[in-house]
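To start, the structure under review is shown below, and the notes come after it.
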Amino acid sequence: MGSLAEAWAIELLKGLGRLFLNPVFYLVFLAAAYYGIQRVNRERQHFLVRAENAYFELKQLLPLGLILGISLSLITVLAGLTVPIELLVFATVATIILILTPKARWATPAYTVSIGFILTFFALEQNWPLPAFISTQVEGVEYLLPAAAMIIALLVIAEGIMITINGPKGTSPRLMKSRRGQVVGMHEAKRMWLLPLFLLIPGDAISLDSTWWPLFSIGDQSYALVAVPFAIGFQQQIQSKFPTVAVAAYGKKVIFFGVLLLLIASGAFVYPIVSLAIPLLAIVGREWLNYRQRSVDAKAAFYFAKKNDGLMIIGVVPHSPADKMGLKVGETVLKVNGLQVNDEKGFYQALQKNAAHCKLEVIDTNNENRFVQRALYKTDHHELGILFIKEEFKKSHQAV
C-alpha cells in the first residue's frame with residue numbers, strides 16, 4: 001500500500017511538472033494580458049477613461065478554473081477515464097492555432113479538444129507515422145475514444161460554469177453607431193481562462209487496480225498522470241439586454257448543452273460508434289448557440305440608448321465617487337442637485353452648482369426611484385467616474 005501511495009505521489013509531481021512544459025499554459029496568460037490592454041485602449045478611445053484596469057482579465061484567469069480543474073480531475077481519475085496521448089498533442093496544436101485568431105470563443109475545448117479527437121481518430125485508423133513519444137503504444141487504443149468523448153462533454157459543462165460565474169464580472173462598455181446613424185451603447189465580455197486538468201494516459205507509471213477502475217481499465221496496462229492546461233476562451237457582445245443577466249443566461253445554456261453531450265457520450269461505452277458523434281455535436285452545438293444569441297440580440301432594441309428623460313449609465317469606474325455612491329450600470333440619472341438632466345453637458349453643468357456636494361436622483365434597474373448623495377473632494381475624479389453614451393462618436397462601429 002505504501003509503495004502504491006508513493007507511486008501516486010511521484011506521478012502527481014511529474015504530471016504537475018508536465019503542465020509547465022505545455023506552451024498553452026503561457027499562451028493563455030499572454031492572451032488574457034492582451035485582451036486587457038485591448039479593452040483599456042478601446043474604453044479610452046470611447047470614453048477617455050477606462051473602467052477596470054488592464055490587469056482585470058489576468059485576475060480572472062485562474063481561481064475558478066483551478067477549482068473546476070481539481071473537481072474534474074477527481075472525476076476523471078477515479079472513473080478511470082483514459083485518453084490517448086495523440087488527443088492531447090492534437091488538442092494542444094489546435095489550441096495554439098485558435099488562440100492566435102481574433103475569435104476568443106474558438107479557443108475552448110468544444111473546438112480544440114473536438115478537433116484533437118477527430119485528428120486522433122484518423123491517425124489511429126490510417127496509422128499515421130507519428131513519432132513514438134506522441135504515439136500510444138498499446139493495442140485496442142480506439143477503445144479510449146469513448147472516454148475522450150466524456151471528457152469533451154465534461155469540459156463543455158466546465159466552460160458553461162465559468163461563463164455563468166465569471167463571464168458577467170466586469171463586462172466592458174463600448175459605443176457604436178446603429179444602422180440609423182445614432183450613437184448607442186453595448187457591452188462586451190472577452191476573456192481567456194485556464195483550466196488545469198489531470199488526465200490518465202497509457203504509460204509506464206501506475207498500474208490501475210481493476211477494483212478501483214472497474215469500467216474503463218484496459219487489461220494490465222500501466223498509466224501515467226499528466227496535467228493538461230486547457231484554455232477556455234469566451235467572447236460575447238450584448239446590446240439588447242442587461243449585460244450580467246444576458247451572459248449568465250448564455251452560460252446556463254452552455255451547461256445544459258454540456259449535460260446533453262454527457263448523456264449522449266455515456267452511450268459510447270455500450271456503442272463505441274456514438275463517441276464519433278460527440279466532437280461534431282460539440283462544434284455544431286456551440287456554433288448554433290453563438291449564432292442564436294447573436295441573431296436574437298441583433299433583432300431586439302438597444303438596451304443602452306439615449307432617453308428622452310435622463311441619462312443611462314453604461315459604465316462605472318471602480319473606486320470612483322460614482323462607485324462609492326453605489327451607482328450601477330443600467331441605472332438612469334434623472335436629476336443632479338435638483339436639476340433635470342437630459343445630456344452629458346447638462347449633467348456636468350448641474351454638478352457645478354454645488355462643487356462640494358453631489359445629490360442625484362436615479363431610476364434603478366427595477367424601475368424604482370432612489371436618491372444618492374456624497375460630499376465631493378478635490379482628489380475625486382472630476383467626472384465622478386460615470387460613463388455615458390456620447391453625443392458624437394467618431395469611430396465607425398456599426399451595429400451587428
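If you're wondering about the labels, chains in the C-alpha cells are A, B, ... by order shown, residues count from 1 in each chain, ligands from 1 in order shown.
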For range 277-291 of chain A, find every residue with an atom within 7 Å (counting only C-alpha atoms), except residues of its own chain fewer than 6 positions away, and show them as a PDB file with all heavy atoms, in the first residue's frame.
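Produced file around.pdb, reproduced below:
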ATOM      1  N   ALA A 110     -14.650  22.818 -26.638  1.00  0.00           N
ATOM      2  CA  ALA A 110     -15.654  22.360 -27.596  1.00  0.00           C
ATOM      3  C   ALA A 110     -15.085  22.328 -29.009  1.00  0.00           C
ATOM      4  O   ALA A 110     -15.513  21.518 -29.844  1.00  0.00           O
ATOM      5  CB  ALA A 110     -16.886  23.269 -27.552  1.00  0.00           C
ATOM      6  N   TYR A 111     -14.115  23.198 -29.276  1.00  0.00           N
ATOM      7  CA  TYR A 111     -13.462  23.238 -30.591  1.00  0.00           C
ATOM      8  C   TYR A 111     -12.107  22.531 -30.545  1.00  0.00           C
ATOM      9  O   TYR A 111     -11.830  21.658 -31.378  1.00  0.00           O
ATOM     10  CB  TYR A 111     -13.273  24.681 -31.046  1.00  0.00           C
ATOM     11  CG  TYR A 111     -14.560  25.448 -31.204  1.00  0.00           C
ATOM     12  CD1 TYR A 111     -15.066  26.213 -30.166  1.00  0.00           C
ATOM     13  CD2 TYR A 111     -15.286  25.404 -32.389  1.00  0.00           C
ATOM     14  CE1 TYR A 111     -16.256  26.917 -30.298  1.00  0.00           C
ATOM     15  CE2 TYR A 111     -16.473  26.103 -32.538  1.00  0.00           C
ATOM     16  CZ  TYR A 111     -16.955  26.857 -31.482  1.00  0.00           C
ATOM     17  OH  TYR A 111     -18.123  27.536 -31.616  1.00  0.00           O
ATOM     18  N   SER A 114     -12.284  18.786 -29.539  1.00  0.00           N
ATOM     19  CA  SER A 114     -13.028  18.088 -30.586  1.00  0.00           C
ATOM     20  C   SER A 114     -12.183  17.914 -31.842  1.00  0.00           C
ATOM     21  O   SER A 114     -12.190  16.848 -32.472  1.00  0.00           O
ATOM     22  CB  SER A 114     -14.309  18.860 -30.922  1.00  0.00           C
ATOM     23  OG  SER A 114     -15.200  18.853 -29.826  1.00  0.00           O
ATOM     24  N   PHE A 117      -9.761  15.252 -31.125  1.00  0.00           N
ATOM     25  CA  PHE A 117     -10.426  13.939 -31.184  1.00  0.00           C
ATOM     26  C   PHE A 117     -10.515  13.453 -32.628  1.00  0.00           C
ATOM     27  O   PHE A 117     -10.193  12.297 -32.933  1.00  0.00           O
ATOM     28  CB  PHE A 117     -11.824  14.058 -30.572  1.00  0.00           C
ATOM     29  CG  PHE A 117     -12.584  12.766 -30.480  1.00  0.00           C
ATOM     30  CD1 PHE A 117     -12.761  12.140 -29.260  1.00  0.00           C
ATOM     31  CD2 PHE A 117     -13.144  12.178 -31.614  1.00  0.00           C
ATOM     32  CE1 PHE A 117     -13.471  10.945 -29.156  1.00  0.00           C
ATOM     33  CE2 PHE A 117     -13.852  11.000 -31.527  1.00  0.00           C
ATOM     34  CZ  PHE A 117     -14.014  10.378 -30.299  1.00  0.00           C
ATOM     35  N   ALA A 149     -14.599  11.205 -25.411  1.00  0.00           N
ATOM     36  CA  ALA A 149     -15.883  11.863 -25.663  1.00  0.00           C
ATOM     37  C   ALA A 149     -16.500  12.366 -24.366  1.00  0.00           C
ATOM     38  O   ALA A 149     -17.073  13.467 -24.308  1.00  0.00           O
ATOM     39  CB  ALA A 149     -16.838  10.896 -26.362  1.00  0.00           C
ATOM     40  N   LEU A 261     -24.592  16.555 -23.953  1.00  0.00           N
ATOM     41  CA  LEU A 261     -23.464  15.840 -24.560  1.00  0.00           C
ATOM     42  C   LEU A 261     -22.998  14.693 -23.667  1.00  0.00           C
ATOM     43  O   LEU A 261     -22.660  13.601 -24.147  1.00  0.00           O
ATOM     44  CB  LEU A 261     -22.296  16.807 -24.785  1.00  0.00           C
ATOM     45  CG  LEU A 261     -22.328  17.725 -26.002  1.00  0.00           C
ATOM     46  CD1 LEU A 261     -21.081  18.608 -26.008  1.00  0.00           C
ATOM     47  CD2 LEU A 261     -22.408  16.935 -27.299  1.00  0.00           C
ATOM     48  N   ALA A 265     -22.679  10.905 -24.654  1.00  0.00           N
ATOM     49  CA  ALA A 265     -21.353  10.278 -24.602  1.00  0.00           C
ATOM     50  C   ALA A 265     -21.341   9.029 -23.739  1.00  0.00           C
ATOM     51  O   ALA A 265     -20.574   8.093 -23.994  1.00  0.00           O
ATOM     52  CB  ALA A 265     -20.330  11.290 -24.081  1.00  0.00           C
TER      53      ALA A 265
END
Where does range 84-144 of chain A meet range 222-238 of chain A within 7 Å, residue by residue, with the nearest atom pair and distance in Å to one decimal for each, counting only C-alpha atoms, listed by chain and rising number, as a Markdown table?
| residue | atom | partner | partner_atom | distance |
| --- | --- | --- | --- | --- |
| A:Ala104 | CA | A:Gly233 | CA | 4.9 |
| A:Arg105 | CA | A:Phe234 | CA | 4.4 |
| A:Trp106 | CA | A:Gly233 | CA | 6.7 |
| A:Ala107 | CA | A:Gly233 | CA | 5.1 |
| A:Thr108 | CA | A:Ile232 | CA | 4.3 |
| A:Pro109 | CA | A:Ile232 | CA | 6.7 |
Can you check which residues of range 64-271 of chain A DSSP gives as strand (DSSP E) on the backbone and send them as a PyMOL selection string? chain A and resi 172-177+183-207+222-238
Neighbour list for range 239-242 of chain A as a PDB file with N, CA, C and O atoms, in the first residue's frame, cut-off 9 Å, only C-alpha atoms, skip fewer than 5 positions in-chain:
ATOM      1  N   VAL A 184     -25.125  54.533 -29.932  1.00  0.00           N
ATOM      2  CA  VAL A 184     -25.730  53.658 -28.931  1.00  0.00           C
ATOM      3  C   VAL A 184     -24.614  52.944 -28.168  1.00  0.00           C
ATOM      4  O   VAL A 184     -23.435  53.006 -28.537  1.00  0.00           O
ATOM      5  N   GLY A 185     -25.008  52.272 -27.116  1.00  0.00           N
ATOM      6  CA  GLY A 185     -24.025  51.565 -26.308  1.00  0.00           C
ATOM      7  C   GLY A 185     -24.269  50.071 -26.289  1.00  0.00           C
ATOM      8  O   GLY A 185     -25.364  49.593 -26.600  1.00  0.00           O
ATOM      9  N   MET A 186     -23.249  49.341 -25.922  1.00  0.00           N
ATOM     10  CA  MET A 186     -23.344  47.890 -25.762  1.00  0.00           C
ATOM     11  C   MET A 186     -22.262  47.463 -24.778  1.00  0.00           C
ATOM     12  O   MET A 186     -21.417  48.275 -24.360  1.00  0.00           O
ATOM     13  N   HIS A 187     -22.292  46.222 -24.388  1.00  0.00           N
ATOM     14  CA  HIS A 187     -21.258  45.666 -23.507  1.00  0.00           C
ATOM     15  C   HIS A 187     -20.636  44.446 -24.163  1.00  0.00           C
ATOM     16  O   HIS A 187     -21.285  43.750 -24.951  1.00  0.00           O
ATOM     17  N   GLU A 188     -19.380  44.209 -23.819  1.00  0.00           N
ATOM     18  CA  GLU A 188     -18.665  43.064 -24.371  1.00  0.00           C
ATOM     19  C   GLU A 188     -17.895  42.360 -23.263  1.00  0.00           C
ATOM     20  O   GLU A 188     -17.296  42.996 -22.396  1.00  0.00           O
ATOM     21  N   VAL A 247     -25.263  37.393 -20.060  1.00  0.00           N
ATOM     22  CA  VAL A 247     -24.103  36.491 -20.045  1.00  0.00           C
ATOM     23  C   VAL A 247     -24.387  35.268 -19.186  1.00  0.00           C
ATOM     24  O   VAL A 247     -24.078  34.133 -19.572  1.00  0.00           O
ATOM     25  N   VAL A 296     -30.746  36.784 -32.081  1.00  0.00           N
ATOM     26  CA  VAL A 296     -31.804  37.295 -31.207  1.00  0.00           C
ATOM     27  C   VAL A 296     -31.437  38.679 -30.688  1.00  0.00           C
ATOM     28  O   VAL A 296     -32.276  39.596 -30.645  1.00  0.00           O
ATOM     29  N   ASP A 297     -30.168  38.845 -30.317  1.00  0.00           N
ATOM     30  CA  ASP A 297     -29.711  40.127 -29.781  1.00  0.00           C
ATOM     31  C   ASP A 297     -29.795  41.223 -30.837  1.00  0.00           C
ATOM     32  O   ASP A 297     -30.175  42.365 -30.542  1.00  0.00           O
ATOM     33  N   ALA A 298     -29.449  40.889 -32.074  1.00  0.00           N
ATOM     34  CA  ALA A 298     -29.426  41.889 -33.143  1.00  0.00           C
ATOM     35  C   ALA A 298     -30.820  42.368 -33.522  1.00  0.00           C
ATOM     36  O   ALA A 298     -30.984  43.509 -33.969  1.00  0.00           O
ATOM     37  N   LYS A 299     -31.823  41.523 -33.342  1.00  0.00           N
ATOM     38  CA  LYS A 299     -33.181  41.889 -33.741  1.00  0.00           C
ATOM     39  C   LYS A 299     -33.895  42.742 -32.694  1.00  0.00           C
ATOM     40  O   LYS A 299     -34.891  43.394 -33.007  1.00  0.00           O
ATOM     41  N   ALA A 300     -33.406  42.736 -31.461  1.00  0.00           N
ATOM     42  CA  ALA A 300     -34.069  43.461 -30.379  1.00  0.00           C
ATOM     43  C   ALA A 300     -33.573  44.906 -30.305  1.00  0.00           C
ATOM     44  O   ALA A 300     -32.544  45.268 -30.890  1.00  0.00           O
ATOM     45  N   ALA A 301     -34.314  45.739 -29.576  1.00  0.00           N
ATOM     46  CA  ALA A 301     -33.932  47.141 -29.401  1.00  0.00           C
ATOM     47  C   ALA A 301     -32.699  47.240 -28.508  1.00  0.00           C
ATOM     48  O   ALA A 301     -32.443  46.367 -27.676  1.00  0.00           O
ATOM     49  N   PHE A 302     -31.944  48.328 -28.684  1.00  0.00           N
ATOM     50  CA  PHE A 302     -30.747  48.541 -27.876  1.00  0.00           C
ATOM     51  C   PHE A 302     -31.121  48.843 -26.427  1.00  0.00           C
ATOM     52  O   PHE A 302     -32.000  49.672 -26.162  1.00  0.00           O
ATOM     53  N   TYR A 303     -30.455  48.172 -25.515  1.00  0.00           N
ATOM     54  CA  TYR A 303     -30.683  48.420 -24.088  1.00  0.00           C
ATOM     55  C   TYR A 303     -30.074  49.756 -23.675  1.00  0.00           C
ATOM     56  O   TYR A 303     -30.686  50.533 -22.941  1.00  0.00           O
ATOM     57  N   PHE A 304     -28.859  50.019 -24.138  1.00  0.00           N
ATOM     58  CA  PHE A 304     -28.166  51.267 -23.810  1.00  0.00           C
ATOM     59  C   PHE A 304     -28.356  52.255 -24.963  1.00  0.00           C
ATOM     60  O   PHE A 304     -27.580  52.266 -25.924  1.00  0.00           O
ATOM     61  N   VAL A 329     -24.405  50.118 -13.353  1.00  0.00           N
ATOM     62  CA  VAL A 329     -24.649  50.085 -14.798  1.00  0.00           C
ATOM     63  C   VAL A 329     -26.121  49.785 -15.051  1.00  0.00           C
ATOM     64  O   VAL A 329     -26.718  48.920 -14.404  1.00  0.00           O
ATOM     65  N   GLY A 330     -26.710  50.526 -15.984  1.00  0.00           N
ATOM     66  CA  GLY A 330     -28.111  50.321 -16.326  1.00  0.00           C
ATOM     67  C   GLY A 330     -29.063  51.266 -15.626  1.00  0.00           C
ATOM     68  O   GLY A 330     -30.230  51.374 -16.012  1.00  0.00           O
ATOM     69  N   THR A 365     -32.424  49.651 -11.867  1.00  0.00           N
ATOM     70  CA  THR A 365     -32.758  48.657 -12.894  1.00  0.00           C
ATOM     71  C   THR A 365     -34.100  47.976 -12.643  1.00  0.00           C
ATOM     72  O   THR A 365     -34.600  47.251 -13.508  1.00  0.00           O
ATOM     73  N   ALA A 399     -23.691  48.640 -35.874  1.00  0.00           N
ATOM     74  CA  ALA A 399     -24.455  47.651 -35.118  1.00  0.00           C
ATOM     75  C   ALA A 399     -24.414  46.306 -35.819  1.00  0.00           C
ATOM     76  O   ALA A 399     -24.387  46.228 -37.031  1.00  0.00           O
TER      77      ALA A 399
END
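Of the residues listed (A:Ala356, A:Ile67, A:Ala33, A:Val49), A:Ile67 shows the shortest atom-to-atom separation from Ile161 in chain A; distances use only C-alpha atoms.
Those residues of range 304-348 of chain A that DSSP, working from the backbone, places in alpha helix (DSSP H) are Pro321, Ala322, Asp323, Lys324, Glu344, Lys345, Gly346, Phe347 and Tyr348 of chain A.
Distances here use only C-alpha atoms; by that measure, the residue among A:Leu360, A:Val372, A:Val40, A:Ala322 closest to Leu339 in chain A is A:Leu360.
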